[in-house]
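S.K.: I'm passing along my_file_13.cif; it holds mmCIF, C-alpha atoms.
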data_start
#
loop_
_atom_site.label_atom_id
_atom_site.label_comp_id
_atom_site.auth_asym_id
_atom_site.auth_seq_id
_atom_site.Cartn_x
_atom_site.Cartn_y
_atom_site.Cartn_z
CA MET A 28 10.49 -18.86 -24.83
CA SER A 29 8.11 -17.07 -22.50
CA GLU A 30 8.52 -13.42 -21.55
CA ILE A 31 7.63 -11.80 -18.24
CA GLU A 32 6.65 -8.15 -18.04
CA VAL A 33 7.14 -6.36 -14.71
CA MET A 34 4.57 -3.74 -13.63
CA THR A 35 5.27 -1.85 -10.41
CA THR A 36 2.69 0.12 -8.44
CA ALA A 37 4.98 2.49 -6.56
CA SER A 38 2.21 3.88 -4.35
CA LEU A 39 1.79 0.45 -2.71
CA GLY A 40 5.27 -0.98 -3.10
CA ASP A 41 3.82 -3.88 -5.09
CA THR A 42 4.53 -5.53 -8.42
CA SER A 43 2.30 -7.42 -10.83
CA TYR A 44 3.56 -9.63 -13.65
CA LEU A 45 2.39 -10.58 -17.12
CA LEU A 46 3.67 -13.95 -18.32
CA VAL A 47 3.40 -14.13 -22.12
CA SER A 48 4.02 -17.20 -24.26
CA GLY A 49 2.99 -17.02 -27.88
CA ASP A 50 -0.40 -15.34 -28.02
CA GLU A 51 -1.44 -16.34 -24.48
CA ALA A 52 -0.75 -14.73 -21.12
CA ALA A 53 -1.24 -15.09 -17.39
CA LEU A 54 -1.49 -12.02 -15.16
CA VAL A 55 -0.12 -12.46 -11.64
CA ASP A 56 -1.46 -10.50 -8.63
CA PRO A 57 -3.05 -7.67 -10.66
CA GLN A 58 -4.02 -4.30 -9.27
CA ARG A 59 -7.63 -3.20 -9.54
CA ASP A 60 -6.84 -0.65 -12.26
CA SER A 61 -5.58 -3.14 -14.86
CA TRP A 62 -7.81 -1.82 -17.64
CA ALA A 63 -4.99 -0.23 -19.67
CA LEU A 64 -3.01 -3.47 -19.51
CA VAL A 65 -6.00 -5.44 -20.76
CA GLU A 66 -6.38 -3.03 -23.68
CA SER A 67 -2.66 -3.32 -24.45
CA CYS A 68 -2.87 -7.11 -24.55
CA THR A 69 -5.89 -6.95 -26.86
CA SER A 70 -4.13 -4.57 -29.24
CA ARG A 71 -1.10 -6.90 -29.31
CA GLY A 72 -3.23 -9.93 -30.05
CA VAL A 73 -2.41 -11.50 -26.67
CA ARG A 74 -5.19 -13.29 -24.82
CA ILE A 75 -5.09 -13.28 -21.03
CA ARG A 76 -6.10 -16.87 -20.24
CA TYR A 77 -5.46 -16.82 -16.48
CA VAL A 78 -5.28 -14.47 -13.56
CA LEU A 79 -3.04 -16.00 -10.88
CA GLU A 80 -3.36 -14.97 -7.24
CA THR A 81 -0.55 -15.93 -4.87
CA HIS A 82 -2.63 -15.20 -1.75
CA VAL A 83 -5.60 -13.28 -0.40
CA HIS A 84 -4.16 -9.77 -0.45
CA ASN A 85 -4.13 -7.63 2.68
CA ASP A 86 -2.77 -4.41 1.18
CA TYR A 87 -4.89 -3.76 -1.90
CA VAL A 88 -8.11 -4.69 -3.63
CA SER A 89 -7.39 -7.37 -6.21
CA GLY A 90 -8.02 -6.72 -9.88
CA ALA A 91 -8.64 -10.39 -10.67
CA LEU A 92 -12.39 -10.05 -11.15
CA GLU A 93 -11.96 -6.87 -13.22
CA VAL A 94 -9.68 -8.76 -15.60
CA ARG A 95 -12.02 -11.76 -15.72
CA ALA A 96 -14.99 -9.52 -16.55
CA ALA A 97 -13.05 -7.82 -19.34
CA THR A 98 -11.39 -10.86 -20.89
CA GLY A 99 -13.11 -14.05 -19.74
CA ALA A 100 -9.86 -15.19 -18.10
CA THR A 101 -9.94 -17.95 -15.50
CA VAL A 102 -9.08 -16.80 -11.99
CA ALA A 103 -6.71 -19.32 -10.38
CA GLY A 104 -5.60 -19.14 -6.77
CA PRO A 105 -4.48 -21.13 -3.76
CA ALA A 106 -6.63 -24.19 -3.12
CA ARG A 107 -6.82 -23.26 0.56
CA ALA A 108 -7.99 -19.70 -0.09
CA PRO A 109 -11.60 -19.25 1.09
CA TYR A 110 -12.75 -17.32 -1.97
CA ALA A 111 -16.51 -16.89 -2.25
CA PHE A 112 -16.41 -16.64 -6.06
CA ASP A 113 -15.76 -19.24 -8.74
CA HIS A 114 -12.06 -19.88 -9.30
CA LEU A 115 -9.63 -22.64 -10.24
CA PRO A 116 -8.03 -23.96 -7.02
CA MET A 117 -4.29 -24.58 -7.30
CA ALA A 118 -2.80 -27.12 -4.87
CA GLU A 119 0.79 -28.37 -4.63
CA GLY A 120 1.91 -29.64 -8.03
CA ASP A 121 -1.15 -28.50 -9.98
CA GLU A 122 -0.29 -27.10 -13.40
CA ILE A 123 -1.75 -24.82 -16.05
CA SER A 124 -0.48 -24.12 -19.56
CA VAL A 125 0.10 -20.63 -20.94
CA GLY A 126 1.10 -20.95 -24.56
CA ASP A 127 4.16 -23.21 -24.52
CA ALA A 128 4.92 -22.41 -20.87
CA THR A 129 3.85 -24.46 -17.86
CA VAL A 130 2.99 -22.91 -14.50
CA ARG A 131 3.15 -25.20 -11.47
CA ALA A 132 1.78 -24.43 -8.00
CA MET A 133 4.12 -24.64 -5.01
CA GLU A 134 2.43 -24.22 -1.63
CA THR A 135 4.44 -21.75 0.44
CA PRO A 136 2.38 -20.81 3.52
CA GLY A 137 3.74 -18.20 5.90
CA HIS A 138 2.84 -14.70 4.77
CA THR A 139 -0.70 -16.07 4.83
CA ALA A 140 -1.92 -19.58 5.54
CA GLU A 141 -2.98 -20.25 1.94
CA HIS A 142 0.00 -18.58 0.25
CA THR A 143 1.08 -20.30 -2.97
CA SER A 144 4.04 -19.56 -5.26
CA TYR A 145 4.14 -20.48 -8.95
CA LEU A 146 7.04 -22.01 -10.85
CA VAL A 147 7.43 -21.18 -14.54
CA PHE A 148 8.79 -23.80 -16.95
CA ASP A 149 9.56 -23.20 -20.60
CA ASP A 150 10.35 -26.92 -20.78
CA THR A 151 9.19 -29.29 -18.04
CA ASP A 152 12.30 -31.42 -18.65
CA ARG A 153 14.45 -28.49 -17.57
CA PRO A 154 14.61 -26.48 -14.31
CA PRO A 155 12.14 -23.61 -13.79
CA THR A 156 13.12 -20.27 -15.25
CA ALA A 157 11.22 -18.19 -12.70
CA VAL A 158 9.10 -18.34 -9.57
CA PHE A 159 6.34 -15.92 -8.59
CA THR A 160 6.93 -15.67 -4.83
CA GLY A 161 4.17 -13.22 -3.87
CA GLY A 162 4.67 -12.44 -0.18
CA SER A 163 6.99 -15.31 0.65
CA LEU A 164 10.57 -14.70 -0.52
CA LEU A 165 11.07 -10.98 -1.20
CA VAL A 166 14.16 -9.18 -2.47
CA GLY A 167 16.29 -8.74 0.64
CA THR A 168 13.70 -9.94 3.14
CA ALA A 169 10.47 -11.96 3.46
CA GLY A 170 6.78 -11.24 3.87
CA ARG A 171 5.53 -10.53 7.38
CA THR A 172 3.47 -13.21 9.11
CA ASP A 173 1.25 -11.21 11.47
CA LEU A 174 -1.43 -9.99 9.07
CA SER A 175 -3.79 -12.86 9.94
CA GLY A 176 -3.91 -11.81 13.59
CA PRO A 177 -1.62 -12.21 16.60
CA GLY A 178 -2.99 -15.67 17.37
CA ARG A 179 -1.48 -17.08 14.16
CA THR A 180 1.74 -15.09 13.87
CA GLU A 181 4.08 -17.70 15.35
CA GLU A 182 2.43 -20.59 13.49
CA LEU A 183 2.80 -18.72 10.20
CA ALA A 184 6.36 -17.67 10.99
CA ARG A 185 7.28 -21.34 11.37
CA ALA A 186 5.51 -22.11 8.09
CA GLN A 187 7.39 -19.22 6.46
CA PHE A 188 10.71 -20.69 7.63
CA ARG A 189 9.93 -23.98 5.92
CA SER A 190 8.61 -22.30 2.77
CA LEU A 191 11.72 -20.15 2.41
CA GLY A 192 13.84 -23.25 2.85
CA ARG A 193 12.04 -24.90 -0.07
CA LEU A 194 12.39 -21.84 -2.29
CA ALA A 195 16.11 -21.59 -1.46
CA LEU A 196 16.62 -25.07 -2.96
CA LEU A 197 15.62 -23.90 -6.44
CA PRO A 198 18.45 -23.47 -8.98
CA ASP A 199 20.54 -20.32 -8.67
CA ALA A 200 19.40 -18.91 -12.03
CA THR A 201 15.69 -19.09 -11.16
CA ARG A 202 14.25 -15.58 -11.28
CA VAL A 203 12.58 -14.47 -8.04
CA LEU A 204 9.48 -12.40 -8.83
CA PRO A 205 7.82 -11.18 -5.59
CA THR A 206 4.65 -9.16 -5.34
CA HIS A 207 5.71 -7.09 -2.33
CA GLY A 208 8.81 -4.93 -2.28
CA ALA A 209 10.25 -1.63 -1.11
CA GLY A 210 7.45 0.62 0.13
CA SER A 211 5.07 -2.21 1.06
CA SER A 212 4.01 -2.72 4.67
CA CYS A 213 3.67 -6.44 3.87
CA ALA A 214 7.45 -6.81 4.12
CA ALA A 215 8.81 -8.01 7.48
CA GLY A 216 11.91 -5.87 7.14
CA PRO A 217 13.53 -3.40 4.75
CA ALA A 218 13.16 -4.65 1.20
CA ALA A 219 15.79 -3.91 -1.40
CA GLY A 220 15.11 -1.32 -4.07
CA GLU A 221 15.28 -3.93 -6.81
CA ARG A 222 11.93 -5.49 -7.63
CA THR A 223 13.23 -8.84 -8.87
CA SER A 224 16.20 -11.05 -8.18
CA THR A 225 17.41 -14.64 -8.53
CA VAL A 226 17.48 -17.51 -6.07
CA GLY A 227 21.28 -17.49 -6.15
CA ALA A 228 21.50 -13.79 -5.35
CA GLU A 229 19.00 -14.10 -2.51
CA ARG A 230 20.79 -17.10 -1.05
CA ARG A 231 24.01 -15.04 -0.95
CA THR A 232 22.60 -11.76 0.34
CA ASN A 233 19.15 -12.15 1.91
CA PRO A 234 19.48 -12.34 5.72
CA VAL A 235 16.30 -14.39 6.12
CA LEU A 236 17.90 -17.20 4.13
CA ALA A 237 21.08 -17.03 6.22
CA THR A 238 19.17 -18.03 9.36
CA ARG A 239 19.34 -21.82 9.56
CA ASP A 240 17.83 -22.24 13.01
CA GLU A 241 14.02 -22.21 13.13
CA GLU A 242 13.79 -20.77 16.65
CA GLU A 243 16.15 -17.94 15.74
CA PHE A 244 14.17 -17.26 12.58
CA VAL A 245 10.84 -17.20 14.43
CA SER A 246 12.07 -14.88 17.17
CA GLY A 247 13.44 -12.55 14.52
CA ARG A 248 10.12 -12.54 12.67
CA LEU A 249 8.17 -11.70 15.82
CA MET A 250 10.33 -8.78 16.92
CA GLY A 251 10.28 -5.21 15.66
CA LEU A 252 7.39 -5.52 13.23
CA PRO A 253 6.17 -2.02 12.38
CA PRO A 254 2.44 -1.28 12.56
CA TYR A 255 0.57 -1.80 9.32
CA PRO A 256 -2.03 0.62 7.90
CA ALA A 257 -5.49 0.42 9.48
CA TYR A 258 -7.16 -0.14 6.12
CA TYR A 259 -5.38 -3.50 5.78
CA ARG A 260 -7.94 -5.20 7.98
CA HIS A 261 -10.63 -4.46 5.38
CA MET A 262 -8.71 -5.79 2.34
CA GLY A 263 -8.80 -9.50 3.17
CA PRO A 264 -12.60 -9.70 3.61
CA ILE A 265 -13.16 -7.73 0.39
CA ASN A 266 -10.79 -9.95 -1.59
CA ARG A 267 -12.22 -13.17 -0.16
CA LYS A 268 -15.75 -12.12 -1.05
CA GLY A 269 -14.75 -10.67 -4.40
CA PRO A 270 -14.71 -6.89 -4.92
CA GLN A 271 -17.31 -5.07 -6.94
CA VAL A 272 -16.47 -5.03 -10.65
CA LEU A 273 -16.19 -1.43 -11.84
CA GLY A 274 -15.65 -2.07 -15.54
CA GLY A 275 -13.34 0.84 -16.16
CA PRO A 276 -11.46 3.77 -14.67
CA PRO A 277 -13.25 6.29 -12.48
CA ALA A 278 -14.84 9.37 -14.02
CA PRO A 279 -14.12 12.40 -11.81
CA ARG A 280 -17.13 14.58 -11.13
CA PRO A 281 -16.68 18.36 -10.81
CA LEU A 282 -18.57 19.84 -7.86
CA THR A 283 -19.71 23.37 -7.11
CA PRO A 284 -18.86 25.06 -3.79
CA ALA A 285 -22.50 24.71 -2.71
CA VAL A 286 -22.46 20.96 -3.31
CA VAL A 287 -19.13 20.54 -1.54
CA GLU A 288 -20.42 22.51 1.42
CA GLY A 289 -23.46 20.26 1.62
CA LEU A 290 -21.40 17.09 1.36
CA ALA A 291 -18.99 18.24 4.06
CA GLY A 292 -21.91 19.16 6.29
CA GLY A 293 -23.26 15.65 5.77
CA GLY A 294 -20.10 13.97 7.01
CA ALA A 295 -17.90 13.77 3.92
CA GLN A 296 -14.18 14.34 4.49
CA VAL A 297 -12.51 16.93 2.27
CA VAL A 298 -9.00 15.79 1.27
CA ASP A 299 -6.77 18.47 -0.27
CA GLY A 300 -4.07 17.19 -2.60
CA ARG A 301 -2.26 20.50 -3.09
CA GLY A 302 1.17 21.29 -1.69
CA ARG A 303 1.62 21.70 2.05
CA ALA A 304 2.44 25.42 1.95
CA GLU A 305 -0.59 26.17 -0.24
CA PHE A 306 -2.85 24.20 2.06
CA ALA A 307 -1.57 25.88 5.21
CA ALA A 308 -2.11 29.33 3.68
CA ALA A 309 -5.73 28.69 2.70
CA HIS A 310 -7.93 25.62 2.94
CA LEU A 311 -11.54 24.56 3.40
CA PRO A 312 -12.67 24.28 7.02
CA ASP A 313 -12.30 20.72 8.41
CA SER A 314 -10.25 19.57 5.42
CA ILE A 315 -6.94 17.73 5.65
CA CYS A 316 -3.88 17.97 3.44
CA ASP A 317 -2.36 14.98 1.69
CA GLU A 318 -0.13 15.96 -1.21
CA LEU A 319 -1.00 14.11 -4.41
CA ASP A 320 1.96 11.87 -5.16
CA ASP A 321 2.68 8.15 -4.95
CA ARG A 322 2.01 8.11 -1.19
CA PHE A 323 -1.38 9.82 -1.40
CA ALA A 324 -3.80 6.92 -0.89
CA GLY A 325 -1.71 5.19 1.76
CA LEU A 326 -1.71 8.28 3.96
CA VAL A 327 -5.45 8.81 3.45
CA GLY A 328 -5.82 5.24 4.68
CA GLU A 329 -3.91 6.13 7.86
CA VAL A 330 -6.15 8.97 9.03
CA VAL A 331 -9.54 8.69 7.29
CA PRO A 332 -11.84 5.89 8.52
CA PHE A 333 -12.52 3.22 5.92
CA GLY A 334 -15.83 3.77 4.13
CA THR A 335 -15.87 7.56 4.65
CA ARG A 336 -17.27 9.58 1.78
CA LEU A 337 -14.57 11.80 0.28
CA VAL A 338 -14.45 15.11 -1.57
CA LEU A 339 -11.24 16.16 -3.28
CA VAL A 340 -9.48 19.46 -3.72
CA VAL A 341 -6.76 18.92 -6.33
CA PRO A 342 -4.00 20.83 -8.11
CA GLU A 343 -4.25 21.65 -11.80
CA PRO A 344 -4.95 20.11 -14.21
CA GLU A 345 -7.90 19.25 -12.01
CA GLU A 346 -9.57 16.43 -13.93
CA GLU A 347 -6.29 14.59 -14.47
CA ALA A 348 -5.27 15.03 -10.83
CA ALA A 349 -8.70 13.90 -9.60
CA ARG A 350 -8.52 10.79 -11.78
CA GLU A 351 -5.10 9.90 -10.36
CA ALA A 352 -6.31 10.44 -6.79
CA MET A 353 -9.43 8.33 -7.34
CA THR A 354 -7.44 5.52 -8.96
CA GLN A 355 -5.07 5.36 -6.02
CA LEU A 356 -7.99 5.34 -3.59
CA LEU A 357 -9.81 2.58 -5.49
CA ARG A 358 -6.76 0.36 -5.12
CA ILE A 359 -7.25 0.33 -1.35
CA GLY A 360 -11.04 0.20 -1.36
CA TYR A 361 -11.92 3.87 -0.85
CA GLU A 362 -14.63 3.91 -3.51
CA ASP A 363 -17.00 6.61 -2.27
CA VAL A 364 -15.44 9.69 -3.83
CA ALA A 365 -18.18 12.23 -4.57
CA GLY A 366 -15.98 14.35 -6.82
CA TYR A 367 -13.65 17.33 -6.76
CA LEU A 368 -14.13 21.02 -6.08
CA ALA A 369 -14.16 22.58 -9.55
CA GLY A 370 -12.04 25.72 -9.59
CA GLY A 371 -10.44 24.80 -6.31
CA ILE A 372 -9.84 27.27 -3.50
CA GLY A 373 -10.39 30.20 -5.83
CA ALA A 374 -13.92 29.08 -6.62
CA TRP A 375 -14.63 28.49 -2.92
CA ALA A 376 -13.44 31.98 -1.94
CA SER A 377 -15.26 33.63 -4.85
CA ALA A 378 -18.47 32.04 -3.62
CA GLY A 379 -18.02 33.88 -0.34
CA ARG A 380 -17.23 30.82 1.72
CA PRO A 381 -14.73 30.89 4.59
CA LEU A 382 -11.15 29.63 4.46
CA ARG A 383 -8.88 28.59 7.27
CA SER A 384 -5.10 28.74 7.65
CA PHE A 385 -2.38 27.88 10.10
CA ARG A 386 1.21 28.92 10.57
CA THR A 387 4.11 27.01 9.02
CA ALA A 388 7.79 27.02 9.86
CA ASP A 389 11.15 25.74 8.79
CA VAL A 390 12.81 23.38 11.26
CA SER A 391 15.49 26.03 11.86
CA GLU A 392 12.85 28.16 13.60
CA LEU A 393 12.38 25.42 16.15
CA ALA A 394 15.94 24.14 16.51
CA GLY A 395 17.53 25.76 19.54
CA HIS A 396 14.23 27.31 20.59
CA LEU A 397 12.44 24.35 22.16
CA ALA A 398 12.16 25.74 25.66
CA GLY A 399 8.56 26.51 26.54
CA ARG A 400 7.18 25.09 23.29
CA GLN A 401 4.85 22.10 23.06
CA VAL A 402 6.18 19.84 20.29
CA LEU A 403 4.25 16.91 18.79
CA ASP A 404 6.23 14.25 16.90
CA VAL A 405 3.98 12.29 14.49
CA ARG A 406 6.51 9.98 12.86
CA PRO A 407 5.14 6.44 12.38
CA GLN A 408 7.90 4.87 14.45
CA HIS A 409 9.91 6.42 17.23
CA PRO A 410 13.39 5.01 17.62
CA GLU A 411 15.45 5.76 20.67
CA GLY A 412 16.39 9.37 20.94
CA GLY A 413 14.13 11.97 19.42
CA VAL A 414 13.50 15.41 20.81
CA PRO A 415 13.44 15.53 24.63
CA GLY A 416 10.15 16.70 26.07
CA THR A 417 8.11 16.10 22.93
CA LEU A 418 4.79 14.31 22.86
CA ARG A 419 5.01 11.33 20.51
CA VAL A 420 1.84 10.23 18.75
CA PRO A 421 2.12 8.39 15.40
CA LEU A 422 0.00 10.05 12.73
CA ALA A 423 -2.22 6.97 12.35
CA GLU A 424 -3.15 7.20 16.06
CA LEU A 425 -3.68 10.95 16.15
CA PRO A 426 -7.39 11.06 15.14
CA HIS A 427 -8.20 8.93 18.22
CA ARG A 428 -5.83 10.71 20.60
CA ILE A 429 -6.42 14.38 19.92
CA GLY A 430 -8.20 14.56 23.28
CA GLU A 431 -4.82 14.03 24.96
CA LEU A 432 -3.46 17.29 23.56
CA THR A 433 -3.44 20.63 25.29
CA ARG A 434 -5.75 23.26 23.80
CA ASP A 435 -4.56 26.33 25.65
CA ARG A 436 -1.20 26.72 23.92
CA GLU A 437 0.20 26.40 20.44
CA ILE A 438 1.48 23.00 19.33
CA TRP A 439 4.41 22.67 16.95
CA VAL A 440 4.08 19.52 14.83
CA VAL A 441 7.14 17.75 13.42
CA CYS A 442 7.86 14.52 11.57
CA GLY A 443 10.68 13.34 9.36
CA SER A 444 10.21 15.67 6.41
CA GLY A 445 7.12 17.87 6.94
CA ARG A 446 4.66 15.66 5.04
CA ARG A 447 3.00 13.98 8.02
CA ALA A 448 3.35 17.13 10.10
CA THR A 449 1.12 18.98 7.64
CA ILE A 450 -1.52 16.24 7.71
CA ALA A 451 -1.43 16.27 11.51
CA ALA A 452 -1.67 20.05 11.59
CA GLY A 453 -4.85 19.83 9.53
CA LEU A 454 -6.32 17.44 12.08
CA LEU A 455 -5.40 19.76 14.94
CA ASP A 456 -6.70 22.82 13.10
CA ARG A 457 -9.98 20.97 12.51
CA ALA A 458 -10.18 20.36 16.27
CA GLY A 459 -9.64 24.05 17.02
CA ILE A 460 -6.15 23.60 18.47
CA PRO A 461 -3.63 26.38 17.64
CA VAL A 462 -0.88 24.80 15.56
CA THR A 463 2.33 25.48 13.66
CA ALA A 464 3.41 22.84 11.15
CA VAL A 465 7.11 22.33 10.54
CA ILE A 466 6.80 21.73 6.80
CA ARG A 467 10.49 21.86 5.88
CA GLY A 468 12.93 19.62 7.73
CA GLY A 469 12.30 17.25 10.58
CA VAL A 470 13.36 15.50 13.74
CA ASP A 471 16.83 14.56 12.48
CA GLU A 472 17.75 18.23 12.19
CA LEU A 473 16.36 18.92 15.66
CA THR A 474 18.40 16.16 17.24
CA ALA A 475 21.62 16.93 15.39
CA GLY A 476 24.21 18.12 17.85
CA GLN A 477 22.29 17.04 20.96
#
Rewrite the structure of this file - the entire thing - as structure tokens.
M.R.:
Amino acid sequence: MSEIEVMTTASLGDTSYLLVSGDEAALVDPQRDSWALVESCTSRGVRIRYVLETHVHNDYVSGALEVRAATGATVAGPARAPYAFDHLPMAEGDEISVGDATVRAMETPGHTAEHTSYLVFDDTDRPPTAVFTGGSLLVGTAGRTDLSGPGRTEELARAQFRSLGRLALLPDATRVLPTHGAGSSCAAGPAAGERTSTVGAERRTNPVLATRDEEEFVSGRLMGLPPYPAYYRHMGPINRKGPQVLGGPPAPRPLTPAVVEGLAGGGAQVVDGRGRAEFAAAHLPDSICDELDDRFAGLVGEVVPFGTRLVLVVPEPEEEAAREAMTQLLRIGYEDVAGYLAGGIGAWASAGRPLRSFRTADVSELAGHLAGRQVLDVRPQHPEGGVPGTLRVPLAELPHRIGELTRDREIWVVCGSGRRATIAAGLLDRAGIPVTAVIRGGVDELTAGQ
């Protein structure tokens, strides 16, 4: 019997899978930083024979070529994918063997035009035990169909309807193993917290499978799609061409204050991964705050132009934190990280270099005291309601719309929790606009009782 290991990348809301049968394995939709997994397989005496790609990814840089370089594995992917590198094309019905298991391609266009799912058979005379559904059937929803551009959204939505119908015909016990899940902007609607499911469970509970009318399905797929991160438009071209092979994890480079100052003066963006209160109290001029947690890279991708050179300020332990930050950034193609400020803010201040700060507040300081205050709401989506009289600019749009803001009075920045408000406050502070960041609490508390 084959075994399937589930590996979730929480920062992207994605999951990769390792199918193991005997001493052979296939790795499905790997992240770029798969080096530890490769080492683990080697130590276990398991050979990765194949890397399977379900589609050309739009939300991260694929690790397929990294794994091939390290193991000699064959990269297999959709026959219709326009990859510029050597790979094994998988069309409808094509099969590969992994130990005693058989993997069969099932073309399921919709999320992308070339999208392909893979059925897993422990015995080809019996039903499949699992299906790798990539960005087609997700747990509780389906993959969005607008990532290839507005001109193809409806066409792909119709293809998605047919693909989901095919997947829904698989036996109830078939495990559903999607790549995208909760936290991924590739989902067309809220995905369930569970990463895997079964066809039977999805048929009973997934609303996209309850829609039997194609026109109703298509209209539902085209309405209410949230914006996706700006860096997404760079991922497809990189993955089609084949990303640069790095050969191992990044090595963080400690930088002196003088070097950091020179890099910043040359156009590098300083990104500070410390906590929001620490950043507000003292930070490098022109830097922005993005707390180092699972959401770090995704938020950098919202406000820092793709390809920008980066310098990090990180919490202790610095080298470990810098390595985590760089790994997250590599997953979405931000490769040009010069290093981190060794000694942090203390070293910068000791070198006699200036620091900036801005005021912070709890939401209670703003609630009930809105009159005469300019409030900026930077939540990514603005449902009906909100705070009357506020200016609403999603964080991702703020770098291009700062010119719309008043500069002769203080701006109070709010979001849902204080995280985005702090990033926005850094952008305003960089532009010389007086700002107070509401770093504790958010819009829900302001609107309560209205």
S.K.: Can you pull out the residues contacting Arg301 in chain A? Cut-off 8 Å, using all atoms listed in the file, and skip same-chain residues under 4 positions away; I want them as a list in words.
M.R.: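 Everything that qualifies: Glu305, Phe306, Cys316, Asp317, Glu318, Leu319, Val340, Val341 and Pro342 of chain A.
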S.K.: Only C-alpha atoms, please: the residues just picked out, written as a PDB file, keeping the file's coordinate frame.
M.R.:
ATOM      1  CA  GLU A 305      -0.590  26.170  -0.240  1.00  0.00           C
ATOM      2  CA  PHE A 306      -2.850  24.200   2.060  1.00  0.00           C
ATOM      3  CA  CYS A 316      -3.880  17.970   3.440  1.00  0.00           C
ATOM      4  CA  ASP A 317      -2.360  14.980   1.690  1.00  0.00           C
ATOM      5  CA  GLU A 318      -0.130  15.960  -1.210  1.00  0.00           C
ATOM      6  CA  LEU A 319      -1.000  14.110  -4.410  1.00  0.00           C
ATOM      7  CA  VAL A 340      -9.480  19.460  -3.720  1.00  0.00           C
ATOM      8  CA  VAL A 341      -6.760  18.920  -6.330  1.00  0.00           C
ATOM      9  CA  PRO A 342      -4.000  20.830  -8.110  1.00  0.00           C
TER      10      PRO A 342
END
S.K.: So which one's closest to Val405 in chain A, A:Ser391, A:Thr449, A:Ser314, A:Thr151? Using all atoms listed in the file, please.
M.R.: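 Using all atoms listed in the file, the shortest distance to Val405 in chain A belongs to A:Thr449.
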S.K.: Around (5.4, -14.5, -0.9), as given in the file, which residues come within 9 Å? Count only C-alpha atoms and list them as a PyMOL selection string.
M.R.: chain A and resi 81-82+135-139+142-144+159-165+169-170+187+205-207
S.K.: Using Å and a single decimal, report how far CA of His310 in chain A sits from CA of Trp375 in chain A.
M.R.: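 Between these atoms lies a distance of 9.4 Å.
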S.K.: Quick one: residues within 10 Å of range 463-466 of chain A, only C-alpha atoms, excluding same-chain residues fewer than 2 positions away - as a PyMOL selection string?
M.R.: chain A and resi 303-304+307+385-393+402-403+437-453+455-456+460-461+468-470
S.K.: Translate the PyMOL selection byres ((chain A and resi 34-47) around 8), as applied to the file shown, into an explicit residue set as an mmCIF file with C-alpha atoms, in the frame of the given file.
M.R.:
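As a result, result-v9.cif now contains:
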data_model
loop_
_atom_site.group_PDB
_atom_site.id
_atom_site.type_symbol
_atom_site.label_atom_id
_atom_site.label_comp_id
_atom_site.auth_asym_id
_atom_site.auth_seq_id
_atom_site.Cartn_x
_atom_site.Cartn_y
_atom_site.Cartn_z
ATOM 1 C CA SER A 29 8.110 -17.070 -22.500
ATOM 2 C CA GLU A 30 8.520 -13.420 -21.550
ATOM 3 C CA ILE A 31 7.630 -11.800 -18.240
ATOM 4 C CA GLU A 32 6.650 -8.150 -18.040
ATOM 5 C CA VAL A 33 7.140 -6.360 -14.710
ATOM 6 C CA SER A 48 4.020 -17.200 -24.260
ATOM 7 C CA GLY A 49 2.990 -17.020 -27.880
ATOM 8 C CA ASP A 50 -0.400 -15.340 -28.020
ATOM 9 C CA GLU A 51 -1.440 -16.340 -24.480
ATOM 10 C CA ALA A 52 -0.750 -14.730 -21.120
ATOM 11 C CA ALA A 53 -1.240 -15.090 -17.390
ATOM 12 C CA LEU A 54 -1.490 -12.020 -15.160
ATOM 13 C CA VAL A 55 -0.120 -12.460 -11.640
ATOM 14 C CA ASP A 56 -1.460 -10.500 -8.630
ATOM 15 C CA PRO A 57 -3.050 -7.670 -10.660
ATOM 16 C CA GLN A 58 -4.020 -4.300 -9.270
ATOM 17 C CA VAL A 73 -2.410 -11.500 -26.670
ATOM 18 C CA ASP A 86 -2.770 -4.410 1.180
ATOM 19 C CA TYR A 87 -4.890 -3.760 -1.900
ATOM 20 C CA VAL A 125 0.100 -20.630 -20.940
ATOM 21 C CA GLY A 126 1.100 -20.950 -24.560
ATOM 22 C CA PRO A 205 7.820 -11.180 -5.590
ATOM 23 C CA THR A 206 4.650 -9.160 -5.340
ATOM 24 C CA HIS A 207 5.710 -7.090 -2.330
ATOM 25 C CA GLY A 208 8.810 -4.930 -2.280
ATOM 26 C CA ALA A 209 10.250 -1.630 -1.110
ATOM 27 C CA GLY A 210 7.450 0.620 0.130
ATOM 28 C CA SER A 211 5.070 -2.210 1.060
ATOM 29 C CA ARG A 222 11.930 -5.490 -7.630
ATOM 30 C CA ASP A 321 2.680 8.150 -4.950
ATOM 31 C CA ARG A 322 2.010 8.110 -1.190
ATOM 32 C CA PHE A 323 -1.380 9.820 -1.400
ATOM 33 C CA ALA A 324 -3.800 6.920 -0.890
ATOM 34 C CA GLY A 325 -1.710 5.190 1.760
ATOM 35 C CA GLN A 355 -5.070 5.360 -6.020
#
S.K.: Rounded to one decimal in Å, what is the spacing between CA of Leu196 in chain A and CA of Glu229 in chain A?
M.R.: 11.2 Å
S.K.: Leaving out Ala285 in chain A and any residue of its chain fewer than 3 positions from it, which residues lie within 9 Å of it when counting all atoms listed in the file, given as a list in words?
M.R.: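 Counting only the stated atoms, we get Leu282, Glu288, Gly289, Leu290, Trp375 and Ala378 of chain A.
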S.K.: Decode the PyMOL selection byres ((chain A and resi 414-425) around 8) for the given file into explicit residues and return them as a list in words.
M.R.: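 So the PyMOL selection byres ((chain A and resi 414-425) around 8) ends up selecting Pro256, Ala257, Glu329, Val330, Gln401, Val402, Leu403, Asp404, Val405, Arg406, Pro407, Gln408, His409, Gly412, Gly413, Pro426, His427, Arg428, Ile429, Arg447, Ala451, Val470, Leu473 and Thr474 of chain A.
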